[in-house]
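Colleague: Take a look at this one; I'll ask things after.
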Amino acid sequence: MKDRHLSLNQTQRVRLEAALHELQSLAPAAASAAAVTVADTIPVNQEDNILKGHGTSDQDGEVVATLCGVVERVNKLVYVRTLRARYKPEVGDIIVGRVIEIAPKRWRLEINFSQDAVLMLSSMNLPDGIQRRRTAVDELNMRSIFEENDVICAEVRGFQHDGSLHLQARSEKYGKLERGQLLMVPPYLVKRKKQHFHHLEQYNVDLILGCNGFIWVGEHVVVGEKTKPTGGQQRFSTEAENFTPLETRKHICRLANAVRVLSALGFTSTVELIIETMEASVSSNVEINDMLGAEFYVQTAEREAKRRADLLRKKNGARTLEIKCLVDAYVWSDAEDPNLYGEWDFEEWKKAHMKDFLAMTNGFMHELEQLNPRPGGDL
Amino acid sequence: MVGLSEGEKHFIRGGITQDLRTDGRKRLQFRALSVQTGVIPQANGSARVRLGATEIIASVKAELGKPSILHPDKGKVSIFVDCSPTAEPMFEGRGSEELSAELSVSLQRCLLGGKSGAGAAIDLSSLIVVEGKVCWDLYIDGLVVSSDGNLLDALAAAIKVALSDTGIPKVNVSVNAASDEEPEVDVSDEEFLQFDTSSVPVIITLTKVGRHYIVDANSEEESQMSSAVSVSVNRHGQICGLTKRGGAGLDPSVIFDMISVAKHVSQQFISLLDSEIAAAEAEEAEC
């Protein structure tokens, strides 16, 4: 994605720096220790026979980084992994790619990898759904399934012995993606999770987070309608009626802008964060277009800093000594109430109410114990 | 340029019809504009303009030269545009020749007026030092660093800002020179004359997609255009130039409508650009 430049005024710049500083201080110390820039020495135990991997070099007996990135250690191998690298596929990843070529019995897709990925015709469900051998006629009709420049969702099947990447799209949920927009973010921002297909019911939007950094935001399509062969131009002849409805389009644009802002800030793209950013924009009445502006950018950074600080505080909540207690206060509204004043005898009260009072107080104590378990004993 | 699938093109067309483009803009809304002046210290004037992801650097250099025999009372201005390969891989080598030539010609037509020099945005008579003998030659260069659509508008804006940043050195002519000799000129290093750029026009390109026009198309939307009309309007609302691109034919009533829309949009854009120029100059004065 092309970089956008934001012109921040003085206050915004100060706020942004404060938020970024807070985020950096909240990051676990180990993470910052592993980050290196060019010419930093990598701390290495000299006695072991360390294999110097990519991004390292031997300088005067010291292992020195030649790239900016994170140091990774695997057994005896030490290497530097850059952040803005190409996508590194793993078997089972869900990816979103674009068809660039139709070759004999296969499609070639661009997936931000060092090579083009290959989707074999045999790894694809036929439009009629029958399981059969692919004939020459099927091969000639490949274009009716996927054309050049189509956006496709598929899964990584594996690597071939010659190093090429093979994909498969056998399930109903894979296939051509239409009626939406494709966004490209750096691949390191999309972490591998259990679910990559997200159907946001409240917005009627499909959000697909491809592990290769291609994120699809589009109108919800009922599974099963995806691999229908198109009638070419015929389908779009009744275009005006076929356009995405305006409400759904607004949600799609908001989600897309939320993804753009998060990727510009370098925050991991998870569904929760994207939806949270989008809802924050709705609640603060930011125009869809202004989500790409400087003010929302700074607000998003501040919000993320606050969220991480809260998360950390909750984790450490039991360990700190300052336990904040939420107190309910009853305020008497009527100062002239005759029942407010009177005589009160403790012995009388004790007979009538003491047991209930003790039970109630014990109840409160148990509640508090459950919320904030104390290391000490009971009272 | 990455291709777009039919589904994505359909989505873009739908957005334009419903007045909600893919980044949330309305049809007649510009992207975020950012302006910096004085980016090239060796030039007499320079500017860098960012319109969304499109980035342009413009520079103005002034050299002393001889006026043409046909117009002894006018200086010379030439405009060249170069597209850097950092913008698109296809701009490498001679790939950008056609596009650069087209952009240069459009800019010349809008800013320099006709062959006789009439209607030029820059007052060429102000560039004369000694009539018939010595004049200033202005070389305006535009460099496309990053391309995401709407290059012409961004180039015109960059040139306008660069001209407002330009300082022409004061020249002292020695008085006792014979009429047919080359006069001696002393170029001052200290004093500079600023250009008056209030009459320099801006260019607004209206891209027609389907039945609607959009302003400031990004490269995805430009791939969907049927035709585009670029109108150059100055502060007084007068039209200084008109260019039409694209193969689709347009009805004359549509052209008139596009011109009136361009005039309306240009007034906002000019005031926005002027305030950005003022802010950039104030920032420079602070440093």
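Residues are referred to by chain and number: the chain letter is A, B, ... according to the order shown in the structure tokens, the number counts from 1 in that chain, and ligands are numbered separately from 1 in the order shown.
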Hey, which bits of chain A sit within 8 Å of chain B, and for each residue what's the closest pair of atoms and how far apart in Å (one decimal), counting only C-alpha atoms, rows by chain and increasing number, as JSON lines?

Modeller:
{"residue": "A:Lys2", "atom": "CA", "partner": "B:Ala53", "partner_atom": "CA", "distance": 6.2}
{"residue": "A:Asp3", "atom": "CA", "partner": "B:Ala53", "partner_atom": "CA", "distance": 6.3}
{"residue": "A:Arg4", "atom": "CA", "partner": "B:Ala53", "partner_atom": "CA", "distance": 5.2}
{"residue": "A:His5", "atom": "CA", "partner": "B:Gly52", "partner_atom": "CA", "distance": 7.3}
{"residue": "A:Leu6", "atom": "CA", "partner": "B:Ser34", "partner_atom": "CA", "distance": 7.7}
{"residue": "A:Ser7", "atom": "CA", "partner": "B:Ser34", "partner_atom": "CA", "distance": 6.5}
{"residue": "A:Glu148", "atom": "CA", "partner": "B:Ser5", "partner_atom": "CA", "distance": 7.5}
{"residue": "A:Asn149", "atom": "CA", "partner": "B:Ser5", "partner_atom": "CA", "distance": 4.8}
{"residue": "A:Asp150", "atom": "CA", "partner": "B:Ser5", "partner_atom": "CA", "distance": 4.5}
{"residue": "A:Val151", "atom": "CA", "partner": "B:Ser5", "partner_atom": "CA", "distance": 6.5}
{"residue": "A:Leu177", "atom": "CA", "partner": "B:Gly7", "partner_atom": "CA", "distance": 7.3}
{"residue": "A:Glu178", "atom": "CA", "partner": "B:Gly7", "partner_atom": "CA", "distance": 4.3}
{"residue": "A:Arg179", "atom": "CA", "partner": "B:Gly7", "partner_atom": "CA", "distance": 5.3}
{"residue": "A:Gly180", "atom": "CA", "partner": "B:Phe11", "partner_atom": "CA", "distance": 5.9}
{"residue": "A:Gln181", "atom": "CA", "partner": "B:Glu8", "partner_atom": "CA", "distance": 6.0}
{"residue": "A:Leu182", "atom": "CA", "partner": "B:Glu8", "partner_atom": "CA", "distance": 8.0}
{"residue": "A:Phe236", "atom": "CA", "partner": "B:His10", "partner_atom": "CA", "distance": 7.9}
{"residue": "A:Ala240", "atom": "CA", "partner": "B:Gly14", "partner_atom": "CA", "distance": 7.8}
{"residue": "A:Phe243", "atom": "CA", "partner": "B:Gly14", "partner_atom": "CA", "distance": 5.4}
{"residue": "A:Thr244", "atom": "CA", "partner": "B:Gly14", "partner_atom": "CA", "distance": 6.9}
{"residue": "A:Leu246", "atom": "CA", "partner": "B:Gln18", "partner_atom": "CA", "distance": 6.9}
{"residue": "A:Arg249", "atom": "CA", "partner": "B:Gly15", "partner_atom": "CA", "distance": 7.6}
{"residue": "A:Lys250", "atom": "CA", "partner": "B:Leu20", "partner_atom": "CA", "distance": 7.5}
{"residue": "A:Cys253", "atom": "CA", "partner": "B:Gly24", "partner_atom": "CA", "distance": 5.8}
{"residue": "A:Arg254", "atom": "CA", "partner": "B:Gly24", "partner_atom": "CA", "distance": 7.3}
{"residue": "A:Ala256", "atom": "CA", "partner": "B:Asp23", "partner_atom": "CA", "distance": 7.5}
{"residue": "A:Asn257", "atom": "CA", "partner": "B:Asp23", "partner_atom": "CA", "distance": 6.5}
{"residue": "A:Glu287", "atom": "CA", "partner": "B:Gly24", "partner_atom": "CA", "distance": 8.0}
{"residue": "A:Ile288", "atom": "CA", "partner": "B:Gly24", "partner_atom": "CA", "distance": 5.0}
{"residue": "A:Asn289", "atom": "CA", "partner": "B:Gly24", "partner_atom": "CA", "distance": 4.5}
{"residue": "A:Gly293", "atom": "CA", "partner": "B:Ala32", "partner_atom": "CA", "distance": 7.5}

Colleague: Which residues, written as a list in words, have at least one atom at most 10 Å from segment 159-161 of chain A, with only C-alpha atoms counted and residues fewer than 6 positions away on the same chain left out?

Modeller: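 Listing them by chain and then by number gives Pro89, Glu90, Val91, Ala117 and Leu167 of chain A.
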
Colleague: Run DSSP on the backbone and tell me which residues of segment 155-331 of chain A come out as strand (DSSP E); list them as an MDAnalysis selection string.

Modeller: chainID A and resid 155:159 165:169 175:177 180:184 197:200 205:209 214:219

Colleague: Got time to write the residues from that selection, N, CA, C and O atoms, as a compact mmCIF listing (two decimals), in the first residue's frame?

Modeller:
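Wrote selection-v1.txt, looks like this:
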# COMPACT_ATOMS: atom_id res chain seq x y z
N GLU A 155 -6.51 -21.68 0.24
CA GLU A 155 -5.73 -22.15 1.37
C GLU A 155 -4.42 -22.72 0.84
O GLU A 155 -4.39 -23.30 -0.25
N VAL A 156 -3.37 -22.61 1.61
CA VAL A 156 -2.08 -23.14 1.17
C VAL A 156 -2.08 -24.65 1.35
O VAL A 156 -2.31 -25.17 2.45
N ARG A 157 -1.84 -25.34 0.25
CA ARG A 157 -1.85 -26.80 0.32
C ARG A 157 -0.46 -27.30 0.67
O ARG A 157 -0.31 -28.21 1.46
N GLY A 158 0.55 -26.72 0.08
CA GLY A 158 1.90 -27.15 0.41
C GLY A 158 2.90 -26.68 -0.62
O GLY A 158 2.55 -26.02 -1.61
N PHE A 159 4.14 -27.00 -0.37
CA PHE A 159 5.21 -26.66 -1.29
C PHE A 159 5.53 -27.87 -2.14
O PHE A 159 5.54 -29.00 -1.66
N LEU A 165 4.67 -22.86 -4.66
CA LEU A 165 3.63 -22.92 -3.65
C LEU A 165 2.32 -23.34 -4.31
O LEU A 165 1.91 -22.76 -5.30
N HIS A 166 1.67 -24.37 -3.75
CA HIS A 166 0.39 -24.81 -4.30
C HIS A 166 -0.76 -24.50 -3.37
O HIS A 166 -0.62 -24.62 -2.15
N LEU A 167 -1.86 -24.09 -3.95
CA LEU A 167 -3.03 -23.72 -3.17
C LEU A 167 -4.18 -24.66 -3.47
O LEU A 167 -4.16 -25.36 -4.48
N GLN A 168 -5.16 -24.67 -2.57
CA GLN A 168 -6.37 -25.41 -2.88
C GLN A 168 -7.57 -24.59 -2.45
O GLN A 168 -7.50 -23.81 -1.51
N ALA A 169 -8.66 -24.78 -3.20
CA ALA A 169 -9.87 -23.99 -2.91
C ALA A 169 -11.07 -24.92 -2.98
O ALA A 169 -12.06 -24.61 -3.63
N GLY A 175 -12.99 -19.24 -2.89
CA GLY A 175 -13.49 -18.92 -4.23
C GLY A 175 -13.34 -17.45 -4.55
O GLY A 175 -12.60 -16.72 -3.89
N LYS A 176 -14.06 -17.02 -5.58
CA LYS A 176 -13.93 -15.64 -6.06
C LYS A 176 -14.57 -14.68 -5.08
O LYS A 176 -15.60 -14.98 -4.48
N LEU A 177 -13.93 -13.52 -4.92
CA LEU A 177 -14.46 -12.49 -4.03
C LEU A 177 -14.88 -11.30 -4.87
O LEU A 177 -14.11 -10.77 -5.66
N GLY A 180 -16.69 -5.78 -3.23
CA GLY A 180 -15.98 -5.25 -2.07
C GLY A 180 -14.66 -4.65 -2.50
O GLY A 180 -14.44 -4.41 -3.68
N GLN A 181 -13.81 -4.40 -1.53
CA GLN A 181 -12.51 -3.86 -1.88
C GLN A 181 -11.39 -4.63 -1.19
O GLN A 181 -11.57 -5.20 -0.12
N LEU A 182 -10.23 -4.66 -1.86
CA LEU A 182 -9.07 -5.39 -1.37
C LEU A 182 -8.08 -4.39 -0.80
O LEU A 182 -7.79 -3.37 -1.41
N LEU A 183 -7.58 -4.68 0.40
CA LEU A 183 -6.60 -3.79 1.02
C LEU A 183 -5.31 -4.57 1.22
O LEU A 183 -5.34 -5.76 1.51
N MET A 184 -4.19 -3.87 1.08
CA MET A 184 -2.91 -4.55 1.26
C MET A 184 -2.19 -3.96 2.46
O MET A 184 -1.93 -2.75 2.49
N PHE A 197 -12.00 -16.00 8.48
CA PHE A 197 -13.21 -15.50 7.83
C PHE A 197 -14.09 -14.91 8.90
O PHE A 197 -14.45 -15.60 9.85
N HIS A 198 -14.45 -13.67 8.77
CA HIS A 198 -15.33 -13.08 9.77
C HIS A 198 -16.56 -12.54 9.08
O HIS A 198 -16.46 -11.71 8.18
N HIS A 199 -17.71 -13.01 9.51
CA HIS A 199 -18.95 -12.48 8.97
C HIS A 199 -19.53 -11.56 10.02
O HIS A 199 -19.95 -12.00 11.08
N LEU A 200 -19.48 -10.26 9.76
CA LEU A 200 -19.97 -9.29 10.73
C LEU A 200 -21.45 -9.09 10.47
O LEU A 200 -21.84 -8.36 9.55
N VAL A 205 -21.33 -7.56 6.50
CA VAL A 205 -20.06 -7.42 5.80
C VAL A 205 -19.21 -8.65 6.06
O VAL A 205 -19.19 -9.19 7.15
N ASP A 206 -18.50 -9.09 5.01
CA ASP A 206 -17.52 -10.16 5.15
C ASP A 206 -16.16 -9.55 5.32
O ASP A 206 -15.77 -8.69 4.53
N LEU A 207 -15.41 -10.01 6.30
CA LEU A 207 -14.05 -9.51 6.49
C LEU A 207 -13.12 -10.72 6.46
O LEU A 207 -13.24 -11.61 7.30
N ILE A 208 -12.25 -10.78 5.47
CA ILE A 208 -11.35 -11.93 5.35
C ILE A 208 -9.93 -11.42 5.55
O ILE A 208 -9.45 -10.58 4.77
N LEU A 209 -9.24 -11.93 6.59
CA LEU A 209 -7.88 -11.48 6.86
C LEU A 209 -6.93 -12.52 6.29
O LEU A 209 -6.71 -13.57 6.90
N PHE A 214 -3.20 -9.48 2.55
CA PHE A 214 -4.29 -8.97 1.71
C PHE A 214 -5.58 -9.14 2.51
O PHE A 214 -5.93 -10.23 2.90
N ILE A 215 -6.24 -8.05 2.75
CA ILE A 215 -7.47 -8.09 3.55
C ILE A 215 -8.64 -7.71 2.65
O ILE A 215 -8.59 -6.70 1.95
N TRP A 216 -9.66 -8.55 2.68
CA TRP A 216 -10.83 -8.29 1.84
C TRP A 216 -11.98 -7.81 2.72
O TRP A 216 -12.32 -8.45 3.72
N VAL A 217 -12.55 -6.69 2.33
CA VAL A 217 -13.74 -6.17 3.02
C VAL A 217 -14.84 -6.08 1.99
O VAL A 217 -14.69 -5.36 1.00
N GLY A 218 -15.91 -6.82 2.17
CA GLY A 218 -16.94 -6.78 1.13
C GLY A 218 -18.30 -7.13 1.68
O GLY A 218 -18.47 -7.53 2.83
N GLU A 219 -19.26 -6.98 0.79
CA GLU A 219 -20.63 -7.28 1.16
C GLU A 219 -20.75 -8.77 1.43
O GLU A 219 -20.04 -9.58 0.82

Colleague: When DSSP is applied to the backbone of this structure, which of segment 149-261 of chain B are assigned helix (DSSP H, G or I)? Write them out as a list of chain:residue names.

Modeller: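 Output for segment 149-261 of chain B, helix (DSSP H, G or I) only: B:Leu151, B:Leu152, B:Asp153, B:Ala154, B:Leu155, B:Ala156, B:Ala157, B:Ala158, B:Ile159, B:Lys160, B:Val161, B:Ala162, B:Leu163, B:Ser164, B:Asp165, B:Ser219, B:Glu220, B:Glu221, B:Glu222, B:Pro252, B:Ser253, B:Val254, B:Ile255, B:Phe256, B:Asp257, B:Met258, B:Ile259, B:Ser260, B:Val261.
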
Colleague: Residues at most 7 Å from Tyr79 of chain A, counting only C-alpha atoms, excluding those fewer than 5 positions away in the same chain, as a PyMOL selection string?

Modeller: chain A and resi 52-56+71-73

Colleague: Pick the closest to Asn112 of chain A from A:Asn242, A:Ser283, A:Asn212, A:Thr277: which is it, counting only C-alpha atoms?

Modeller: A:Asn212

Colleague: Counting only C-alpha atoms, what is within 7 Å of Ser59 of chain B, bar same-chain residues fewer than 5 positions away, as number ranges by chain?

Modeller: B: 43, 45-47, 140-142, 162

Colleague: Those residues you just picked out, can you put them in a file as a tab-separated table (two decimals), in the first residue's frame with N, CA and C atoms?

Modeller:
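Below is the file that was written, part.tsv:
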chain	number	residue	atom	x	y	z
B	43	ALA	N	17.68	25.68	-6.06
B	43	ALA	CA	16.79	26.27	-7.07
B	43	ALA	C	16.28	27.60	-6.58
B	45	GLY	N	13.22	28.49	-6.66
B	45	GLY	CA	11.98	28.25	-5.93
B	45	GLY	C	11.65	26.78	-6.07
B	46	SER	N	11.08	26.18	-5.05
B	46	SER	CA	10.73	24.77	-5.14
B	46	SER	C	9.60	24.47	-4.20
B	47	ALA	N	8.93	23.35	-4.48
B	47	ALA	CA	7.81	22.97	-3.62
B	47	ALA	C	7.60	21.47	-3.74
B	140	ILE	N	10.86	25.57	-15.42
B	140	ILE	CA	10.02	24.95	-14.39
B	140	ILE	C	10.04	23.45	-14.62
B	141	ASP	N	10.46	22.69	-13.61
B	141	ASP	CA	10.51	21.24	-13.74
B	141	ASP	C	9.61	20.59	-12.71
B	142	GLY	N	8.85	19.62	-13.17
B	142	GLY	CA	8.01	18.87	-12.24
B	142	GLY	C	8.47	17.42	-12.21
B	162	ALA	N	5.57	26.48	-6.09
B	162	ALA	CA	6.98	26.75	-6.36
B	162	ALA	C	7.18	28.18	-6.85

Colleague: Take atom CA of Ala39 of chain A and atom CA of Ala65 of chain A and report the distance between them in Å, one decimal.

Modeller: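 The value is 5.2 Å.
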
Colleague: Please list as a PDB file with N, CA, C and O atoms, in the first residue's frame every residue within 8 Å of Ala156 of chain B, counting only C-alpha atoms and excluding residues in the same chain fewer than 6 positions away.

Modeller:
ATOM      1  N   LEU B 107       0.256  21.405 -19.264  1.00  0.00           N
ATOM      2  CA  LEU B 107       0.626  22.476 -18.337  1.00  0.00           C
ATOM      3  C   LEU B 107       1.019  23.732 -19.088  1.00  0.00           C
ATOM      4  O   LEU B 107       0.657  24.843 -18.713  1.00  0.00           O
ATOM      5  N   PRO B 201      -3.276  30.034 -12.399  1.00  0.00           N
ATOM      6  CA  PRO B 201      -4.479  29.214 -12.204  1.00  0.00           C
ATOM      7  C   PRO B 201      -4.147  27.842 -11.620  1.00  0.00           C
ATOM      8  O   PRO B 201      -2.990  27.433 -11.589  1.00  0.00           O
ATOM      9  N   VAL B 202      -5.183  27.158 -11.150  1.00  0.00           N
ATOM     10  CA  VAL B 202      -5.048  25.756 -10.768  1.00  0.00           C
ATOM     11  C   VAL B 202      -5.824  24.935 -11.783  1.00  0.00           C
ATOM     12  O   VAL B 202      -6.694  25.454 -12.473  1.00  0.00           O
ATOM     13  N   ILE B 203      -5.487  23.656 -11.846  1.00  0.00           N
ATOM     14  CA  ILE B 203      -6.189  22.777 -12.785  1.00  0.00           C
ATOM     15  C   ILE B 203      -7.065  21.829 -11.982  1.00  0.00           C
ATOM     16  O   ILE B 203      -6.612  21.238 -10.994  1.00  0.00           O
TER      17      ILE B 203
END

Colleague: Counting only C-alpha atoms, which residue out of B:Phe80, B:Phe192, B:Phe256, B:Phe269 sits closest to Leu103 of chain B?

Modeller: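 For Leu103 of chain B, the nearest of the given residues is B:Phe80.
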
Colleague: Return the single residue from A:Tyr87, A:Leu8, A:Glu201, A:Ser144 that is closest to Asp116 of chain A, with distances computed using only C-alpha atoms.

Modeller: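 Selected residue with least distance to Asp116 of chain A: A:Tyr87.
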